[in-house]
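One file, structure.csv, carrying CSV, C-alpha atoms:
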```csv
chain,number,residue,atom,x,y,z
A,1,MET,CA,-53.7,67.3,-6.6
A,2,ASN,CA,-52.1,64.0,-6.0
A,3,HIS,CA,-51.6,63.5,-9.7
A,4,LEU,CA,-49.9,66.8,-9.9
A,5,LYS,CA,-47.6,65.9,-7.1
A,6,LEU,CA,-46.8,62.6,-8.8
A,7,ALA,CA,-46.1,64.3,-12.1
A,8,ALA,CA,-43.8,66.8,-10.4
A,9,LEU,CA,-41.9,64.0,-8.7
A,10,VAL,CA,-41.5,62.1,-12.0
A,11,VAL,CA,-40.2,65.3,-13.7
A,12,LEU,CA,-37.8,65.9,-10.8
A,13,ALA,CA,-36.6,62.3,-10.9
A,14,VAL,CA,-36.0,62.5,-14.7
A,15,VAL,CA,-34.1,65.7,-14.3
A,16,LEU,CA,-32.0,64.4,-11.5
A,17,VAL,CA,-31.1,61.2,-13.3
A,18,GLY,CA,-30.3,63.2,-16.4
A,19,CYS,CA,-27.9,65.4,-14.5
A,20,ALA,CA,-26.2,62.8,-12.3
A,21,PRO,CA,-22.7,62.1,-13.7
A,22,GLN,CA,-22.2,58.6,-14.9
A,23,ARG,CA,-19.9,56.8,-12.6
A,24,MET,CA,-17.3,54.7,-14.4
A,25,TYR,CA,-15.7,52.8,-11.7
A,26,TYR,CA,-15.9,52.2,-8.0
A,27,TRP,CA,-12.4,52.5,-6.5
A,28,GLY,CA,-13.6,52.8,-2.8
A,29,ASP,CA,-10.7,53.2,-0.4
A,30,TYR,CA,-8.1,51.8,-2.8
A,31,SER,CA,-5.8,54.8,-2.9
A,32,ASP,CA,-5.9,55.3,0.8
A,33,THR,CA,-5.3,51.7,1.9
A,34,LEU,CA,-2.5,51.5,-0.6
A,35,TYR,CA,-0.9,54.6,0.7
A,36,GLN,CA,-1.2,53.4,4.3
A,37,SER,CA,0.4,50.1,3.4
A,38,LYS,CA,3.4,52.0,2.1
A,39,LYS,CA,3.5,54.5,5.0
A,40,HIS,CA,3.0,52.0,7.7
A,41,PRO,CA,3.9,48.6,6.3
A,42,SER,CA,2.4,45.8,8.5
A,43,ASP,CA,0.3,42.7,8.2
A,44,GLN,CA,-2.7,44.8,9.2
A,45,SER,CA,-2.2,47.5,6.5
A,46,THR,CA,-1.6,44.9,3.9
A,47,LEU,CA,-4.8,43.1,4.9
A,48,ASN,CA,-6.7,46.4,4.9
A,49,HIS,CA,-5.6,46.9,1.3
A,50,GLN,CA,-6.6,43.4,0.3
A,51,GLN,CA,-10.1,44.0,1.8
A,52,ALA,CA,-10.4,47.3,-0.1
A,53,LEU,CA,-9.7,45.4,-3.3
A,54,GLU,CA,-12.3,42.7,-2.4
A,55,LYS,CA,-14.8,45.4,-1.6
A,56,ILE,CA,-14.2,47.0,-5.1
A,57,LEU,CA,-15.3,43.7,-6.7
A,58,GLU,CA,-18.3,43.4,-4.4
A,59,GLU,CA,-19.5,47.0,-4.9
A,60,SER,CA,-18.9,46.9,-8.7
A,61,ARG,CA,-21.0,43.8,-8.9
A,62,LYS,CA,-23.8,45.4,-6.8
A,63,ASN,CA,-23.8,48.6,-8.8
A,64,ASN,CA,-23.4,46.9,-12.2
A,65,LEU,CA,-20.1,48.7,-12.8
A,66,ARG,CA,-17.1,47.4,-14.7
A,67,VAL,CA,-14.3,46.4,-12.3
A,68,PRO,CA,-11.5,49.0,-12.6
A,69,PRO,CA,-8.4,48.0,-14.6
A,70,GLY,CA,-5.8,46.1,-12.5
A,71,VAL,CA,-8.0,45.3,-9.6
A,72,TYR,CA,-8.5,41.6,-10.4
A,73,ALA,CA,-4.8,41.3,-11.2
A,74,GLU,CA,-3.6,43.0,-8.0
A,75,LEU,CA,-5.9,40.8,-5.9
A,76,GLY,CA,-4.7,37.8,-7.8
A,77,TYR,CA,-1.1,38.9,-7.1
A,78,ILE,CA,-1.8,39.1,-3.4
A,79,TYR,CA,-3.3,35.6,-3.4
A,80,PHE,CA,-0.3,34.5,-5.4
A,81,ARG,CA,2.0,35.7,-2.6
A,82,GLN,CA,-0.1,34.0,0.0
A,83,ASN,CA,0.4,30.8,-2.0
A,84,LYS,CA,-3.3,30.6,-2.9
A,85,LYS,CA,-2.5,29.4,-6.4
A,86,ASP,CA,-6.1,28.7,-7.6
A,87,LEU,CA,-7.5,31.9,-6.4
A,88,ALA,CA,-4.6,33.8,-8.0
A,89,ILE,CA,-5.1,32.1,-11.4
A,90,HIS,CA,-8.8,32.7,-11.3
A,91,ASN,CA,-8.3,36.4,-10.7
A,92,PHE,CA,-5.6,36.7,-13.5
A,93,LYS,CA,-8.1,35.0,-15.8
A,94,MET,CA,-10.8,37.4,-14.8
A,95,GLU,CA,-8.6,40.4,-15.5
A,96,LYS,CA,-7.7,39.0,-18.9
A,97,ALA,CA,-11.4,38.4,-19.8
A,98,LEU,CA,-12.4,41.9,-18.8
A,99,TYR,CA,-9.4,43.6,-20.3
A,100,PRO,CA,-7.9,41.8,-23.3
A,101,GLU,CA,-5.1,44.4,-23.3
A,102,SER,CA,-3.7,42.6,-20.2
A,103,ALA,CA,-3.4,39.2,-21.8
A,104,LEU,CA,0.3,39.1,-22.2
A,105,LEU,CA,1.0,40.0,-18.6
A,106,MET,CA,-1.8,37.9,-17.2
A,107,ASN,CA,-0.5,34.8,-19.1
A,108,ARG,CA,2.9,35.4,-17.6
A,109,LEU,CA,1.5,35.6,-14.1
A,110,GLU,CA,-0.7,32.6,-14.7
A,111,ASN,CA,2.3,30.6,-15.8
A,112,ALA,CA,4.3,31.8,-12.8
A,113,ALA,CA,1.5,30.7,-10.5
A,114,LYS,CA,1.3,27.3,-12.1
A,115,LEU,CA,5.1,26.9,-11.8
A,116,ALA,CA,5.0,28.0,-8.2
A,117,ASP,CA,3.1,24.9,-7.4
A,118,LYS,CA,5.9,22.6,-8.3
A,119,PRO,CA,8.2,22.0,-5.4
A,120,LYS,CA,11.6,23.5,-5.8
A,121,PRO,CA,14.0,22.2,-3.2
A,122,SER,CA,16.7,24.6,-4.2
A,123,GLU,CA,14.5,27.5,-3.2
A,124,GLY,CA,12.8,28.3,0.0
A,125,GLY,CA,11.6,31.8,-1.0
A,126,SER,CA,8.1,33.1,-1.4
A,127,SER,CA,6.2,32.6,-4.6
A,128,ALA,CA,7.0,36.2,-5.6
A,129,ASP,CA,10.6,35.2,-5.6
A,130,ARG,CA,9.8,32.3,-7.9
A,131,LEU,CA,8.3,34.7,-10.5
A,132,LYS,CA,11.9,35.8,-10.9
A,133,THR,CA,13.0,32.3,-11.9
A,134,LEU,CA,10.7,32.5,-14.9
A,135,ASP,CA,12.1,33.0,-18.3
A,136,VAL,CA,11.6,36.7,-18.5
A,137,SER,CA,12.9,38.2,-21.7
A,138,PRO,CA,13.4,41.8,-20.5
A,139,LYS,CA,16.1,40.3,-18.2
A,140,LYS,CA,18.3,41.1,-21.2
A,141,VAL,CA,17.3,44.7,-21.0
A,142,PRO,CA,19.5,46.0,-18.2
A,143,THR,CA,22.4,43.7,-19.0
A,144,GLU,CA,22.3,44.7,-22.7
A,145,LYS,CA,22.6,48.3,-21.6
A,146,ALA,CA,25.2,47.6,-19.1
A,147,ASP,CA,27.4,46.0,-21.7
A,148,LYS,CA,27.4,49.0,-23.9
B,1,MET,CA,-35.0,101.1,-46.8
B,2,ASN,CA,-33.7,103.7,-44.4
B,3,ARG,CA,-35.0,101.7,-41.5
B,4,THR,CA,-33.1,98.6,-42.4
B,5,ARG,CA,-30.0,100.6,-42.8
B,6,THR,CA,-30.1,102.1,-39.3
B,7,SER,CA,-30.7,98.7,-37.8
B,8,PHE,CA,-27.7,97.4,-39.7
B,9,THR,CA,-25.5,100.2,-38.4
B,10,LYS,CA,-26.8,99.5,-34.9
B,11,ASP,CA,-26.0,95.8,-35.3
B,12,PHE,CA,-22.6,96.6,-36.5
B,13,VAL,CA,-21.8,98.8,-33.6
B,14,LEU,CA,-23.1,96.3,-31.2
B,15,LEU,CA,-21.1,93.5,-32.8
B,16,SER,CA,-17.9,95.6,-32.7
B,17,ILE,CA,-18.4,96.2,-29.0
B,18,VAL,CA,-18.9,92.5,-28.4
B,19,ALA,CA,-15.9,91.7,-30.5
B,20,LEU,CA,-13.7,94.2,-28.6
B,21,LEU,CA,-14.9,92.9,-25.3
B,22,CYS,CA,-14.0,89.4,-26.3
B,23,LEU,CA,-10.6,90.4,-27.4
B,24,SER,CA,-9.8,92.3,-24.3
B,25,MET,CA,-11.1,89.4,-22.1
B,26,SER,CA,-9.1,86.8,-24.0
B,27,ALA,CA,-6.0,88.8,-23.5
B,28,CYS,CA,-6.3,88.5,-19.8
B,29,ALA,CA,-7.6,85.0,-19.5
B,30,PRO,CA,-5.2,82.0,-19.6
B,31,LYS,CA,-4.6,80.8,-23.1
B,32,MET,CA,-6.8,77.9,-24.0
B,33,VAL,CA,-6.0,75.1,-26.4
B,34,THR,CA,-7.9,72.1,-27.6
B,35,LYS,CA,-6.9,68.5,-27.0
B,36,GLY,CA,-7.0,67.8,-30.7
B,37,ASP,CA,-4.6,70.7,-31.6
B,38,LYS,CA,-2.2,70.0,-28.7
B,39,TYR,CA,-1.9,66.2,-28.9
B,40,PRO,CA,-2.5,65.1,-32.5
B,41,LEU,CA,-0.1,62.2,-32.2
B,42,LEU,CA,-2.2,60.7,-29.4
B,43,TYR,CA,-5.3,60.8,-31.6
B,44,GLU,CA,-3.4,59.2,-34.4
B,45,GLU,CA,-2.0,56.3,-32.4
B,46,ARG,CA,-4.9,55.8,-30.1
B,47,PRO,CA,-3.1,54.0,-27.3
B,48,VAL,CA,-5.3,51.7,-25.2
B,49,SER,CA,-3.0,50.5,-22.5
B,50,ILE,CA,-0.7,52.5,-20.2
B,51,LEU,CA,2.2,51.3,-18.1
B,52,ILE,CA,3.0,53.6,-15.2
B,53,LEU,CA,6.7,53.6,-14.6
B,54,PRO,CA,8.2,54.3,-11.1
B,55,PRO,CA,8.2,58.0,-10.6
B,56,MET,CA,11.5,60.0,-11.0
B,57,ASN,CA,12.1,62.0,-7.9
B,58,GLU,CA,13.7,65.4,-8.1
B,59,SER,CA,12.3,66.6,-4.9
B,60,THR,CA,14.2,66.5,-1.6
B,61,ALA,CA,11.8,64.1,0.0
B,62,ALA,CA,13.0,60.5,-0.4
B,63,GLU,CA,9.6,59.0,0.5
B,64,ALA,CA,7.8,61.0,-2.2
B,65,LYS,CA,8.4,58.3,-4.8
B,66,ASP,CA,6.6,55.5,-3.0
B,67,TYR,CA,3.9,57.7,-1.7
B,68,TYR,CA,3.2,59.5,-5.0
B,69,ALA,CA,3.1,56.2,-6.9
B,70,THR,CA,-0.1,55.2,-4.9
B,71,THR,CA,-2.0,58.1,-6.4
B,72,ILE,CA,-1.8,57.7,-10.2
B,73,GLN,CA,-3.5,54.5,-11.2
B,74,GLU,CA,-7.0,55.5,-10.2
B,75,PRO,CA,-7.3,58.9,-12.0
B,76,LEU,CA,-5.7,57.5,-15.1
B,77,SER,CA,-8.3,54.7,-15.2
B,78,PHE,CA,-11.0,57.3,-15.2
B,79,SER,CA,-9.6,58.8,-18.4
B,80,GLY,CA,-10.6,55.5,-20.0
B,81,TYR,CA,-7.3,53.7,-20.4
B,82,TYR,CA,-6.3,50.2,-19.4
B,83,VAL,CA,-3.8,50.9,-16.7
B,84,PHE,CA,-1.5,48.0,-15.8
B,85,PRO,CA,-1.5,47.1,-12.1
B,86,TYR,CA,1.3,49.2,-10.7
B,87,GLU,CA,1.9,47.0,-7.7
B,88,ILE,CA,2.7,44.1,-10.0
B,89,THR,CA,4.5,45.8,-12.8
B,90,THR,CA,6.8,47.7,-10.4
B,91,ASP,CA,7.6,44.4,-8.6
B,92,ILE,CA,8.6,42.9,-11.9
B,93,LEU,CA,10.7,45.9,-12.8
B,94,LYS,CA,12.4,45.8,-9.4
B,95,MET,CA,13.2,42.1,-9.9
B,96,GLU,CA,14.8,43.1,-13.2
B,97,GLY,CA,16.8,45.7,-11.4
B,98,ILE,CA,14.9,48.6,-13.0
B,99,TYR,CA,13.7,51.0,-10.4
B,100,ASP,CA,15.9,54.0,-11.0
B,101,ALA,CA,15.1,56.8,-13.3
B,102,GLU,CA,18.4,56.7,-15.0
B,103,LEU,CA,18.0,53.0,-15.9
B,104,MET,CA,14.5,53.5,-17.1
B,105,LYS,CA,15.5,56.3,-19.5
B,106,ASN,CA,18.0,54.0,-21.2
B,107,ILE,CA,15.6,51.2,-21.9
B,108,PRO,CA,14.1,51.1,-25.4
B,109,LEU,CA,10.4,51.7,-24.9
B,110,GLN,CA,9.7,48.8,-27.3
B,111,LYS,CA,10.8,46.5,-24.5
B,112,PHE,CA,7.8,47.6,-22.4
B,113,ARG,CA,5.5,46.6,-25.4
B,114,GLU,CA,7.1,43.3,-25.8
B,115,TYR,CA,7.0,42.3,-22.1
B,116,PHE,CA,3.9,43.9,-20.8
B,117,GLY,CA,1.9,44.6,-24.0
B,118,ALA,CA,1.8,48.3,-23.2
B,119,ASP,CA,0.9,50.8,-26.0
B,120,ALA,CA,2.3,53.7,-24.0
B,121,VAL,CA,4.4,54.3,-20.8
B,122,LEU,CA,3.8,57.1,-18.4
B,123,PHE,CA,6.9,58.9,-17.0
B,124,THR,CA,6.2,61.0,-14.0
B,125,THR,CA,8.7,63.4,-12.4
B,126,ILE,CA,8.2,64.7,-8.9
B,127,ARG,CA,9.5,68.3,-9.2
B,128,LYS,CA,8.4,69.5,-5.8
B,129,TRP,CA,7.2,67.8,-2.7
B,130,ASP,CA,8.1,70.2,0.0
B,131,LEU,CA,7.2,72.8,2.5
B,132,SER,CA,8.5,76.3,2.4
B,133,TYR,CA,8.6,78.2,5.6
B,134,MET,CA,8.3,81.9,6.0
B,135,ILE,CA,8.3,83.5,9.3
B,136,LEU,CA,4.6,83.3,9.9
B,137,ALA,CA,3.5,80.9,7.3
B,138,ALA,CA,4.2,77.8,5.5
B,139,THR,CA,3.2,76.6,2.0
B,140,LEU,CA,3.1,73.1,0.8
B,141,THR,CA,3.9,72.5,-2.9
B,142,VAL,CA,3.4,69.3,-4.9
B,143,SER,CA,4.4,69.5,-8.5
B,144,ILE,CA,4.4,66.7,-11.0
B,145,ASP,CA,5.4,66.5,-14.6
B,146,CYS,CA,3.6,63.8,-16.6
B,147,GLU,CA,4.8,62.5,-20.0
B,148,LEU,CA,3.1,59.8,-22.0
B,149,LYS,CA,5.3,58.1,-24.5
B,150,SER,CA,4.5,55.7,-27.3
B,151,THR,CA,6.1,52.3,-27.2
B,152,LYS,CA,5.6,52.1,-31.0
B,153,SER,CA,7.0,55.4,-32.2
B,154,ASN,CA,9.0,56.5,-29.1
B,155,THR,CA,7.3,59.9,-29.5
B,156,THR,CA,5.7,62.0,-26.7
B,157,LEU,CA,1.9,61.6,-27.0
B,158,TRP,CA,0.9,63.8,-24.1
B,159,GLN,CA,2.6,66.0,-21.6
B,160,TYR,CA,1.4,68.2,-18.8
B,161,ASN,CA,2.4,69.5,-15.3
B,162,GLY,CA,0.1,69.4,-12.3
B,163,THR,CA,1.0,71.7,-9.5
B,164,VAL,CA,-0.8,72.3,-6.2
B,165,VAL,CA,0.3,75.0,-3.7
B,166,VAL,CA,-1.4,75.0,-0.3
B,167,ASP,CA,-1.3,77.6,2.3
B,168,LEU,CA,-0.8,76.0,5.7
B,169,SER,CA,-0.9,79.2,7.8
B,170,GLY,CA,-3.9,78.0,9.7
B,171,GLY,CA,-5.9,81.2,9.5
B,172,ASN,CA,-5.6,84.4,11.4
B,173,ALA,CA,-5.1,83.8,15.1
B,174,GLY,CA,-5.7,87.4,16.2
B,175,GLY,CA,-3.5,90.5,16.8
B,176,GLY,CA,-0.7,91.4,19.1
B,177,ILE,CA,2.3,89.5,20.2
B,178,ALA,CA,0.2,86.8,21.7
B,179,GLY,CA,-1.5,86.4,18.4
B,180,LEU,CA,1.8,86.0,16.6
B,181,ILE,CA,3.0,83.3,18.9
B,182,VAL,CA,-0.2,81.4,18.6
B,183,LYS,CA,0.1,81.7,14.8
B,184,VAL,CA,3.7,80.4,14.8
B,185,ILE,CA,2.5,77.4,16.9
B,186,VAL,CA,-0.4,76.8,14.6
B,187,THR,CA,1.9,76.9,11.6
B,188,ALA,CA,4.4,74.5,13.2
B,189,ILE,CA,1.6,72.0,14.0
B,190,SER,CA,0.0,72.0,10.7
B,191,SER,CA,3.3,71.6,8.9
B,192,ALA,CA,4.2,68.6,11.0
B,193,MET,CA,0.9,67.0,10.1
B,194,ALA,CA,1.0,68.1,6.5
B,195,ASP,CA,0.0,65.2,4.3
B,196,TYR,CA,1.2,65.5,0.8
B,197,VAL,CA,-0.8,62.6,-0.7
B,198,PRO,CA,-4.3,64.3,-0.9
B,199,HIS,CA,-2.6,67.2,-2.7
B,200,ALA,CA,-0.8,64.9,-5.0
B,201,ARG,CA,-4.1,63.5,-6.0
B,202,THR,CA,-5.4,67.0,-6.8
B,203,ALA,CA,-2.3,67.7,-8.8
B,204,ASN,CA,-2.9,64.5,-10.8
B,205,TYR,CA,-6.5,65.4,-11.6
B,206,SER,CA,-5.4,68.8,-12.7
B,207,ALA,CA,-2.8,67.3,-15.1
B,208,ILE,CA,-4.9,64.4,-16.3
B,209,ASN,CA,-7.7,66.8,-17.2
B,210,SER,CA,-5.9,67.6,-20.4
B,211,LEU,CA,-5.3,64.0,-21.4
B,212,PRO,CA,-7.5,62.8,-24.3
B,213,TYR,CA,-10.0,60.0,-23.3
B,214,GLY,CA,-9.2,56.4,-23.9
B,215,LYS,CA,-11.2,53.4,-25.1
B,216,TYR,CA,-13.2,52.8,-21.9
B,217,HIS,CA,-14.5,56.3,-21.6
B,218,PRO,CA,-17.8,57.2,-23.2
B,219,MET,CA,-16.2,60.3,-24.8
B,220,TYR,CA,-13.5,58.3,-26.5
B,221,GLY,CA,-12.6,59.8,-29.8
B,222,LYS,CA,-15.0,62.7,-29.4
B,223,ASP,CA,-13.1,65.1,-27.2
B,224,GLN,CA,-10.7,66.7,-29.8
B,225,GLY,CA,-12.6,70.0,-29.3
B,226,GLN,CA,-12.3,70.0,-25.5
B,227,GLN,CA,-10.3,72.9,-24.2
B,228,PHE,CA,-7.8,73.2,-21.4
B,229,ILE,CA,-5.2,75.8,-20.2
B,230,GLU,CA,-2.1,75.7,-22.3
B,231,GLN,CA,1.2,75.5,-20.4
B,232,THR,CA,3.5,77.6,-22.5
B,233,HIS,CA,6.6,76.9,-20.6
B,234,PRO,CA,6.8,73.3,-19.9
B,235,GLN,CA,9.4,73.0,-17.1
B,236,LYS,CA,11.8,70.7,-18.9
```
I need this file expressed as structure tokens, please.
Amino acid sequence: MNHLKLAALVVLAVVLVGCAPQRMYYWGDYSDTLYQSKKHPSDQSTLNHQQALEKILEESRKNNLRVPPGVYAELGYIYFRQNKKDLAIHNFKMEKALYPESALLMNRLENAAKLADKPKPSEGGSSADRLKTLDVSPKKVPTEKADK
Amino acid sequence: MNRTRTSFTKDFVLLSIVALLCLSMSACAPKMVTKGDKYPLLYEERPVSILILPPMNESTAAEAKDYYATTIQEPLSFSGYYVFPYEITTDILKMEGIYDAELMKNIPLQKFREYFGADAVLFTTIRKWDLSYMILAATLTVSIDCELKSTKSNTTLWQYNGTVVVDLSGGNAGGGIAGLIVKVIVTAISSAMADYVPHARTANYSAINSLPYGKYHPMYGKDQGQQFIEQTHPQK
């Protein structure tokens, strides 16, 4: 009788596993916290979004899932704006390693973070402002068009 | 001999009925089309990475642009594409003075490939993001046009509209004059609290359903035969 029960359980387990949809990514509260940070911009809502991103990394690791595209990068960008240069660079590198398609952009961001470290007396702005001072080729884009 | 003949006629009659039934049913059902037939260029180019551009807003709600933008990255990733982090790419575009639809349309798409490394860009247009009031009811409509364009060939690889219409009447509040008043109040309340974003998410999923899978999806390159409802009159 016990054997029968066990067999039934095993069959049930197999069936259930077979039917369960394969989860690709864990996004958690990402969309919600991002929306809240736009709707009610504050230090708190920004922090909530940062925590949502950190939780995605944690849950993905726990469940052996690939970290969704852009999550490492976005977290890196938040650190970048908080002037946590090393953490920023680390996250940009992680994004690049996981998604080679992001290499071009991640290299740009990495360079921006490295440059941000050098003191620039002429500028007192945030590190995000300093990204602007980089040599960015598409800078030509709008001007080119405006000239025409 | 005779026996096989009768069974053949029987089969034939049965088959005809089934065929007729199929025909009549397909006439009423929405027209289906396969991904492979509808989007051959996408299967040819096989883009891997998508850059989401700031939405173009044709609705009357100014805030729709920022709010809607928070809903696209996640569903797009589930289709198996590398989706560039919107929060970063939009900041960069803003720094370059590119946040308006008109400006974006004028930029050669190749520039997005050169700067970001994007294989394709996603244009989204918010067609509707509004409430329409009738005397005793209100409906909420979110309508989004999506267009994926190649940064290589400038061609449209995929296009679909996702629309969600929600009835906000708040159910039947009973008969009589009192009932009417209650219903008006219920409608007013639920309209005031109406939140578009969850419905925008639904609209996204209904549009992205027709998008062929990308590199990171297990069905990548195997979904040409998948069917979806054809939109015969793209609202262009």
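Here CA of Gln227 (chain B) stands at a distance of 20.5 Å from CA of Pro47 (chain B).
Taking CA of Ala73 (chain A) and CA of Asn111 (chain A) as the two end points, the separation is 13.6 Å.
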Determine which residues of chain B sit within 9 Å of chain A, taking into account all atoms listed in the file, and present them as a PyMOL selection string. chain B and resi 48-49+63+66-74+77-78+80-89+91-92+95-98+103+106-108+111-112+114-118+197+216-217
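With all atoms listed in the file as the atoms that count, the residue of B:Asp167, B:Glu58, B:Asp119, B:Asp195 with the shortest distance to Asp145 (chain B) is B:Glu58.
The space between CA of Tyr43 (chain B) and CA of Gly221 (chain B) spans 7.6 Å.
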Shell of 6 Å around Val164 (chain B), all atoms listed in the file, local chain residues under 6 positions omitted, as a PyMOL selection string: chain B and resi 141-142+203
